[in-house]
>>> print(open('work13.cif').read())   # mmCIF, C-alpha atoms and all ligand atoms
data_work
loop_
_atom_site.group_PDB
_atom_site.id
_atom_site.type_symbol
_atom_site.label_atom_id
_atom_site.label_comp_id
_atom_site.auth_asym_id
_atom_site.auth_seq_id
_atom_site.Cartn_x
_atom_site.Cartn_y
_atom_site.Cartn_z
ATOM 1 C CA MET A 1 35.429 94.211 -10.335
ATOM 2 C CA GLY A 2 36.340 97.758 -9.169
ATOM 3 C CA LYS A 3 33.553 100.280 -8.708
ATOM 4 C CA LYS A 4 34.700 102.401 -11.702
ATOM 5 C CA LEU A 5 34.993 99.354 -13.949
ATOM 6 C CA TRP A 6 31.556 98.131 -12.836
ATOM 7 C CA TRP A 7 29.987 101.452 -13.835
ATOM 8 C CA MET A 8 31.725 101.395 -17.209
ATOM 9 C CA ALA A 9 30.530 97.863 -17.878
ATOM 10 C CA THR A 10 27.001 98.860 -16.930
ATOM 11 C CA LEU A 11 27.106 101.859 -19.286
ATOM 12 C CA VAL A 12 28.419 99.743 -22.162
ATOM 13 C CA LEU A 13 25.693 97.148 -21.587
ATOM 14 C CA MET A 14 23.015 99.861 -21.447
ATOM 15 C CA ALA A 15 24.266 101.431 -24.675
ATOM 16 C CA ALA A 16 24.356 98.026 -26.381
ATOM 17 C CA TYR A 17 20.827 97.314 -25.184
ATOM 18 C CA PHE A 18 19.491 100.543 -26.699
ATOM 19 C CA ILE A 19 21.342 100.049 -29.989
ATOM 20 C CA ILE A 20 20.074 96.458 -30.319
ATOM 21 C CA ARG A 21 16.560 97.523 -29.332
ATOM 22 C CA GLN A 22 16.485 100.376 -31.862
ATOM 23 C CA ALA A 23 18.157 98.710 -34.826
ATOM 24 C CA PRO A 24 15.732 95.874 -35.669
ATOM 25 C CA ALA A 25 12.731 98.208 -35.310
ATOM 26 C CA THR A 26 14.211 100.675 -37.825
ATOM 27 C CA VAL A 27 15.037 97.930 -40.324
ATOM 28 C CA ALA A 28 11.571 96.376 -39.950
ATOM 29 C CA ALA A 29 9.796 99.710 -40.466
ATOM 30 C CA THR A 30 11.685 100.436 -43.711
ATOM 31 C CA ALA A 31 11.151 96.927 -45.079
ATOM 32 C CA GLN A 32 7.495 97.022 -44.113
ATOM 33 C CA ARG A 33 6.734 100.230 -46.002
ATOM 34 C CA LYS A 34 7.726 98.986 -49.427
ATOM 35 C CA ASN A 35 5.385 96.035 -49.591
ATOM 36 C CA LEU A 36 2.508 97.000 -47.334
ATOM 37 C CA VAL A 37 -0.864 97.997 -48.757
ATOM 38 C CA VAL A 38 -3.826 99.152 -46.675
ATOM 39 C CA ILE A 39 -7.126 97.986 -48.161
ATOM 40 C CA ASP A 40 -10.141 99.966 -47.011
ATOM 41 C CA PRO A 41 -13.613 98.473 -47.553
ATOM 42 C CA GLY A 42 -15.835 101.579 -47.634
ATOM 43 C CA HIS A 43 -18.580 102.135 -45.021
ATOM 44 C CA GLY A 44 -19.711 99.380 -42.585
ATOM 45 C CA GLY A 45 -21.817 98.959 -39.439
ATOM 46 C CA TRP A 46 -24.317 101.793 -39.045
ATOM 47 C CA ASP A 47 -23.200 103.303 -42.381
ATOM 48 C CA PRO A 48 -24.492 101.137 -45.278
ATOM 49 C CA GLY A 49 -23.219 103.478 -48.030
ATOM 50 C CA ALA A 50 -25.293 103.281 -51.219
ATOM 51 C CA VAL A 51 -28.452 101.187 -50.884
ATOM 52 C CA ARG A 52 -30.589 99.485 -53.511
ATOM 53 C CA GLY A 53 -33.399 97.390 -52.014
ATOM 54 C CA THR A 54 -31.663 94.850 -49.794
ATOM 55 C CA VAL A 55 -28.239 95.348 -51.401
ATOM 56 C CA TYR A 56 -25.826 97.495 -49.397
ATOM 57 C CA GLU A 57 -22.623 99.096 -50.625
ATOM 58 C CA LYS A 58 -20.883 98.130 -47.334
ATOM 59 C CA THR A 59 -21.439 94.409 -48.097
ATOM 60 C CA LEU A 60 -20.097 94.620 -51.655
ATOM 61 C CA THR A 61 -17.066 96.709 -50.659
ATOM 62 C CA LEU A 62 -16.123 94.209 -47.931
ATOM 63 C CA ALA A 63 -16.468 91.229 -50.311
ATOM 64 C CA VAL A 64 -14.340 92.841 -53.045
ATOM 65 C CA ALA A 65 -11.778 94.320 -50.611
ATOM 66 C CA MET A 66 -11.137 90.965 -48.898
ATOM 67 C CA LYS A 67 -10.564 89.401 -52.314
ATOM 68 C CA VAL A 68 -8.157 92.191 -53.341
ATOM 69 C CA GLY A 69 -6.236 91.506 -50.117
ATOM 70 C CA GLU A 70 -6.141 87.756 -50.742
ATOM 71 C CA TRP A 71 -4.881 88.310 -54.300
ATOM 72 C CA LEU A 72 -2.128 90.639 -53.069
ATOM 73 C CA LEU A 73 -1.100 88.206 -50.298
ATOM 74 C CA GLN A 74 -0.723 85.491 -52.954
ATOM 75 C CA HIS A 75 1.648 87.861 -54.749
ATOM 76 C CA ASN A 76 3.803 88.469 -51.655
ATOM 77 C CA ILE A 77 2.343 91.869 -50.803
ATOM 78 C CA ARG A 78 1.551 92.481 -47.135
ATOM 79 C CA VAL A 79 -1.976 93.672 -46.477
ATOM 80 C CA TYR A 80 -3.735 95.536 -43.712
ATOM 81 C CA TYR A 81 -7.513 95.950 -43.757
ATOM 82 C CA THR A 82 -9.281 98.892 -42.112
ATOM 83 C CA ARG A 83 -12.094 96.431 -41.346
ATOM 84 C CA THR A 84 -12.747 92.735 -41.924
ATOM 85 C CA ARG A 85 -16.289 92.621 -40.543
ATOM 86 C CA ASP A 86 -19.503 94.624 -40.820
ATOM 87 C CA THR A 87 -18.361 97.385 -38.473
ATOM 88 C CA ALA A 88 -17.844 101.130 -38.649
ATOM 89 C CA LEU A 89 -14.573 102.616 -37.368
ATOM 90 C CA ALA A 90 -16.328 105.363 -35.360
ATOM 91 C CA SER A 91 -19.772 106.725 -34.596
ATOM 92 C CA THR A 92 -19.512 109.750 -36.925
ATOM 93 C CA VAL A 93 -18.542 109.882 -40.617
ATOM 94 C CA LEU A 94 -15.666 112.276 -39.975
ATOM 95 C CA HIS A 95 -14.113 110.178 -37.198
ATOM 96 C CA ASP A 96 -14.711 107.027 -39.205
ATOM 97 C CA LEU A 97 -12.801 108.427 -42.210
ATOM 98 C CA ASN A 98 -10.070 109.839 -39.944
ATOM 99 C CA ASN A 99 -9.520 106.413 -38.401
ATOM 100 C CA ARG A 100 -9.133 104.820 -41.821
ATOM 101 C CA SER A 101 -6.401 107.195 -43.024
ATOM 102 C CA SER A 102 -4.767 107.285 -39.559
ATOM 103 C CA LEU A 103 -4.406 103.508 -39.626
ATOM 104 C CA ALA A 104 -2.670 103.672 -43.010
ATOM 105 C CA ASN A 105 -0.336 106.416 -41.727
ATOM 106 C CA ARG A 106 0.407 104.590 -38.461
ATOM 107 C CA VAL A 107 1.372 101.259 -40.036
ATOM 108 C CA GLY A 108 3.559 103.005 -42.636
ATOM 109 C CA ALA A 109 1.633 101.688 -45.642
ATOM 110 C CA ALA A 110 3.113 102.124 -49.130
ATOM 111 C CA LEU A 111 -0.378 102.547 -50.604
ATOM 112 C CA PHE A 112 -3.919 103.186 -49.441
ATOM 113 C CA VAL A 113 -6.669 101.644 -51.580
ATOM 114 C CA SER A 114 -10.264 102.349 -50.682
ATOM 115 C CA ILE A 115 -13.059 100.271 -52.264
ATOM 116 C CA HIS A 116 -16.491 101.818 -52.897
ATOM 117 C CA VAL A 117 -19.603 101.399 -55.019
ATOM 118 C CA ASN A 118 -21.101 104.201 -57.086
ATOM 119 C CA ILE A 119 -24.720 105.324 -57.500
ATOM 120 C CA GLU A 120 -26.333 107.902 -59.811
ATOM 121 C CA ALA A 121 -29.827 109.006 -60.817
ATOM 122 C CA THR A 122 -30.222 107.890 -64.460
ATOM 123 C CA GLY A 123 -29.376 104.189 -64.060
ATOM 124 C CA THR A 124 -27.464 104.290 -67.354
ATOM 125 C CA VAL A 125 -23.851 104.579 -66.131
ATOM 126 C CA ALA A 126 -21.901 101.382 -65.378
ATOM 127 C CA GLY A 127 -18.392 100.077 -64.695
ATOM 128 C CA PRO A 128 -15.448 100.865 -62.437
ATOM 129 C CA ILE A 129 -13.950 104.353 -62.029
ATOM 130 C CA VAL A 130 -10.783 105.192 -60.087
ATOM 131 C CA TYR A 131 -10.519 108.435 -58.099
ATOM 132 C CA TYR A 132 -7.299 109.970 -56.774
ATOM 133 C CA HIS A 133 -6.523 112.990 -54.653
ATOM 134 C CA LYS A 134 -6.145 115.981 -56.953
ATOM 135 C CA SER A 135 -2.949 117.321 -55.328
ATOM 136 C CA SER A 136 -0.987 114.032 -55.328
ATOM 137 C CA PRO A 137 0.950 113.143 -58.518
ATOM 138 C CA ALA A 138 1.925 109.727 -57.079
ATOM 139 C CA SER A 139 -1.743 108.967 -56.420
ATOM 140 C CA TYR A 140 -2.470 109.866 -60.050
ATOM 141 C CA THR A 141 0.224 107.421 -61.249
ATOM 142 C CA LEU A 142 -1.298 104.668 -59.103
ATOM 143 C CA ALA A 143 -4.821 105.574 -60.268
ATOM 144 C CA ARG A 144 -3.729 105.443 -63.922
ATOM 145 C CA GLN A 145 -2.126 102.018 -63.429
ATOM 146 C CA VAL A 146 -5.286 100.589 -61.831
ATOM 147 C CA SER A 147 -7.507 102.266 -64.473
ATOM 148 C CA GLN A 148 -5.430 100.667 -67.242
ATOM 149 C CA SER A 149 -5.830 97.290 -65.583
ATOM 150 C CA LEU A 150 -9.611 97.825 -65.288
ATOM 151 C CA ALA A 151 -9.998 99.032 -68.918
ATOM 152 C CA PRO A 152 -11.249 95.646 -70.303
ATOM 153 C CA LEU A 153 -14.111 95.727 -67.761
ATOM 154 C CA ASN A 154 -15.223 99.081 -69.174
ATOM 155 C CA GLY A 155 -14.537 98.169 -72.803
ATOM 156 C CA ARG A 156 -12.177 101.162 -72.946
ATOM 157 C CA TYR A 157 -9.641 103.082 -70.861
ATOM 158 C CA ARG A 158 -11.585 105.251 -68.448
ATOM 159 C CA PRO A 159 -9.242 107.985 -67.164
ATOM 160 C CA PRO A 160 -9.005 108.322 -63.375
ATOM 161 C CA ARG A 161 -10.775 111.322 -61.898
ATOM 162 C CA PRO A 162 -9.373 113.869 -59.444
ATOM 163 C CA ILE A 163 -11.341 114.373 -56.250
ATOM 164 C CA GLY A 164 -10.934 116.297 -52.970
ATOM 165 C CA GLN A 165 -11.901 113.361 -50.741
ATOM 166 C CA TRP A 166 -11.098 113.644 -47.026
ATOM 167 C CA VAL A 167 -9.819 110.102 -46.538
ATOM 168 C CA LEU A 168 -7.469 110.413 -49.541
ATOM 169 C CA ALA A 169 -6.246 113.873 -48.513
ATOM 170 C CA ARG A 170 -5.304 112.714 -45.007
ATOM 171 C CA SER A 171 -3.349 109.660 -46.157
ATOM 172 C CA HIS A 172 0.415 110.262 -46.277
ATOM 173 C CA MET A 173 0.995 107.783 -49.113
ATOM 174 C CA PRO A 174 -0.400 107.400 -52.664
ATOM 175 C CA ALA A 175 -4.114 106.894 -52.102
ATOM 176 C CA ILE A 176 -6.972 105.962 -54.446
ATOM 177 C CA ASN A 177 -10.644 105.194 -54.250
ATOM 178 C CA VAL A 178 -11.790 102.454 -56.621
ATOM 179 C CA GLU A 179 -15.523 102.721 -57.257
ATOM 180 C CA VAL A 180 -16.037 99.194 -58.568
ATOM 181 C CA GLY A 181 -19.400 99.747 -60.271
ATOM 182 C CA PHE A 182 -22.813 101.426 -60.173
ATOM 183 C CA LEU A 183 -25.506 100.033 -57.891
ATOM 184 C CA SER A 184 -27.989 102.163 -59.862
ATOM 185 C CA HIS A 185 -27.298 100.186 -63.078
ATOM 186 C CA ASN A 186 -29.220 96.893 -63.325
ATOM 187 C CA ALA A 187 -26.527 94.739 -64.953
ATOM 188 C CA ASP A 188 -23.717 96.302 -62.894
ATOM 189 C CA ALA A 189 -25.671 95.731 -59.647
ATOM 190 C CA ALA A 190 -26.248 92.093 -60.626
ATOM 191 C CA ARG A 191 -22.641 91.321 -61.565
ATOM 192 C CA MET A 192 -21.223 93.036 -58.463
ATOM 193 C CA GLN A 193 -23.164 90.512 -56.367
ATOM 194 C CA SER A 194 -21.596 87.570 -58.193
ATOM 195 C CA VAL A 195 -18.654 85.969 -56.402
ATOM 196 C CA TRP A 196 -16.967 85.240 -59.736
ATOM 197 C CA TYR A 197 -17.144 88.901 -60.800
ATOM 198 C CA GLN A 198 -15.985 90.066 -57.355
ATOM 199 C CA SER A 199 -12.902 87.830 -57.726
ATOM 200 C CA HIS A 200 -12.324 89.093 -61.245
ATOM 201 C CA LEU A 201 -12.546 92.716 -60.069
ATOM 202 C CA ALA A 202 -10.196 91.939 -57.189
ATOM 203 C CA ALA A 203 -7.556 90.306 -59.410
ATOM 204 C CA THR A 204 -7.766 93.197 -61.880
ATOM 205 C CA ILE A 205 -7.338 95.813 -59.132
ATOM 206 C CA GLY A 206 -4.544 93.681 -57.631
ATOM 207 C CA GLN A 207 -2.700 93.586 -60.969
ATOM 208 C CA GLY A 208 -2.871 97.384 -61.185
ATOM 209 C CA ILE A 209 -1.479 97.751 -57.648
ATOM 210 C CA LEU A 210 1.301 95.234 -58.344
ATOM 211 C CA GLY A 211 2.104 97.051 -61.588
ATOM 212 C CA TYR A 212 2.551 100.274 -59.647
ATOM 213 C CA LEU A 213 4.709 98.667 -56.924
ATOM 214 C CA ASN A 214 6.955 96.956 -59.526
ATOM 215 C CA ARG A 215 7.231 99.898 -61.893
HETATM 216 ZN ZN ZN B 301 -18.986 104.724 -50.750
#
>>> encode(input="work13.cif", output="structure tokens")
Amino acid sequence: MGKKLWWMATLVLMAAYFIIRQAPATVAATAQRKNLVVIDPGHGGWDPGAVRGTVYEKTLTLAVAMKVGEWLLQHNIRVYYTRTRDTALASTVLHDLNNRSSLANRVGAALFVSIHVNIEATGTVAGPIVYYHKSSPASYTLARQVSQSLAPLNGRYRPPRPIGQWVLARSHMPAINVEVGFLSHNADAARMQSVWYQSHLAATIGQGILGYLNR
């Protein structure tokens, strides 16, 4: 092979290599986005969240979040968890929250769903409430879908509430925070610790998410 021809062949091979290397990555990233949900169990590690006696919010959020993920996986939705163990994502609240939304942004998630547990002073308020970022119409649509799905658990449709939460604001995709119940309410605290109710909550949240993705 002449020197000129050798160089041309090398250039063609190099170009082909870069095209082949780029193409599958682009296709994978687009396909991934549509069906990928990041599930974020609130708190963890040094941050217990709401506490009532020996019951920690971080334990309940992890239990429910893992079940939401399992339900979605059974319905062919890909899932990423921000944590799967009793760990924090950083040593300060701000960095911890940043890492949660950054993960969702980095993996190109279609949705970000954070799971939390509520607490209030009177002990009279119960049931799930969905929060969405106030400046995101798509987050509101997702929040409404999940709220509709959760309505039987509240005995009525409880409209989602706008909020200026950091973790929701920093997420580049529709993002909601599902507060699954009130630790300050006796019956709510008891049922949130039941595995059956956790599974029921998870399936109900999952149906709302699936409803949004298939709309
Ligand atoms: Zn919380």
>>> resolve_selection(input="work13.cif", expression="the PyMOL selection byres (((chain A and resi 132) around 8) and not hetatm)", output="PyMOL selection string")
chain A and resi 130-131+133-134+136+139-140+143+160-163+168+175-177
>>> closest_atom_pairs(input="work13.cif", of="region 137-170 of chain A", to="region 79-99 of chain A", cutoff="8 Å", atoms="only C-alpha atoms", output="JSON lines")
{"residue": "A:Trp166", "atom": "CA", "partner": "A:Leu97", "partner_atom": "CA", "distance": 7.3}
{"residue": "A:Val167", "atom": "CA", "partner": "A:Leu97", "partner_atom": "CA", "distance": 5.5}
{"residue": "A:Arg170", "atom": "CA", "partner": "A:Asn98", "partner_atom": "CA", "distance": 7.5}
>>> write_last_selection(input="work13.cif", atoms="C-alpha atoms", output="JSON list (two decimals), in the frame of the given file")
[["chain", "number", "residue", "atom", "x", "y", "z"],
["A", 166, "TRP", "CA", -11.10, 113.64, -47.03],
["A", 167, "VAL", "CA", -9.82, 110.10, -46.54],
["A", 170, "ARG", "CA", -5.30, 112.71, -45.01]]
>>> residues_near_ligand(input="work13.cif", ligand="ligand ZN 301 (chain B)", cutoff="7 Å", atoms="only C-alpha atoms and all ligand atoms", output="PyMOL selection string")
chain A and resi 42-43+49-50+57+116-118
>>> axis_aligned_box(input="work13.cif", around="region 138-148 of chain A", padding_each_side="4 Å", output="JSON")
{"center_x": -2.8, "center_y": 105.2, "center_z": -61.8, "size_x": 17.4, "size_y": 17.3, "size_z": 18.8}
>>> closest_residue(input="work13.cif", among="A:Leu72, A:Ala121, A:Ala169, A:Ala187", to="Gly208 (chain A)", atoms="only C-alpha atoms")
A:Leu72
>>> closest_residue(input="work13.cif", among="A:Pro159, A:Gly123, A:Pro128, A:Pro174", to="Ala109 (chain A)", atoms="all atoms listed in the file")
A:Pro174
>>> atom_distance(input="work13.cif", atom1="CA of His75 (chain A)", atom2="CA of Ala190 (chain A)")
28.8 Å
>>> resolve_selection(input="work13.cif", expression="the PyMOL selection byres (((chain A and resi 198) around 10) and not hetatm)", output="PyMOL selection string")
chain A and resi 60-61+63-68+180+191-197+199-204
>>> closest_residue(input="work13.cif", among="A:Asn35, A:Gln148, A:Ser184, A:Asn154", to="Ile77 (chain A)", atoms="only C-alpha atoms")
A:Asn35
>>> atom_distance(input="work13.cif", atom1="CA of Leu62 (chain A)", atom2="CA of Ile115 (chain A)")
8.1 Å
>>> residues_around(input="work13.cif", residues="Thr124 (chain A)", least_positions_apart="4", cutoff="9 Å", atoms="only C-alpha atoms", output="number ranges by chain")
A: 120, 184-186
>>> atom_distance(input="work13.cif", atom1="CA of Gln74 (chain A)", atom2="CA of Ala189 (chain A)")
27.8 Å
>>> residues_near_point(input="work13.cif", point="(3.0, 101.2, -58.6)", cutoff="10 Å", atoms="all atoms listed in the file", output="list in words")
Ala110, Leu111, Ala138, Ser139, Thr141, Leu142, Ala143, Arg144, Gln145, Val146, Pro174, Gln207, Gly208, Ile209, Leu210, Gly211, Tyr212, Leu213, Asn214 and Arg215 of chain A
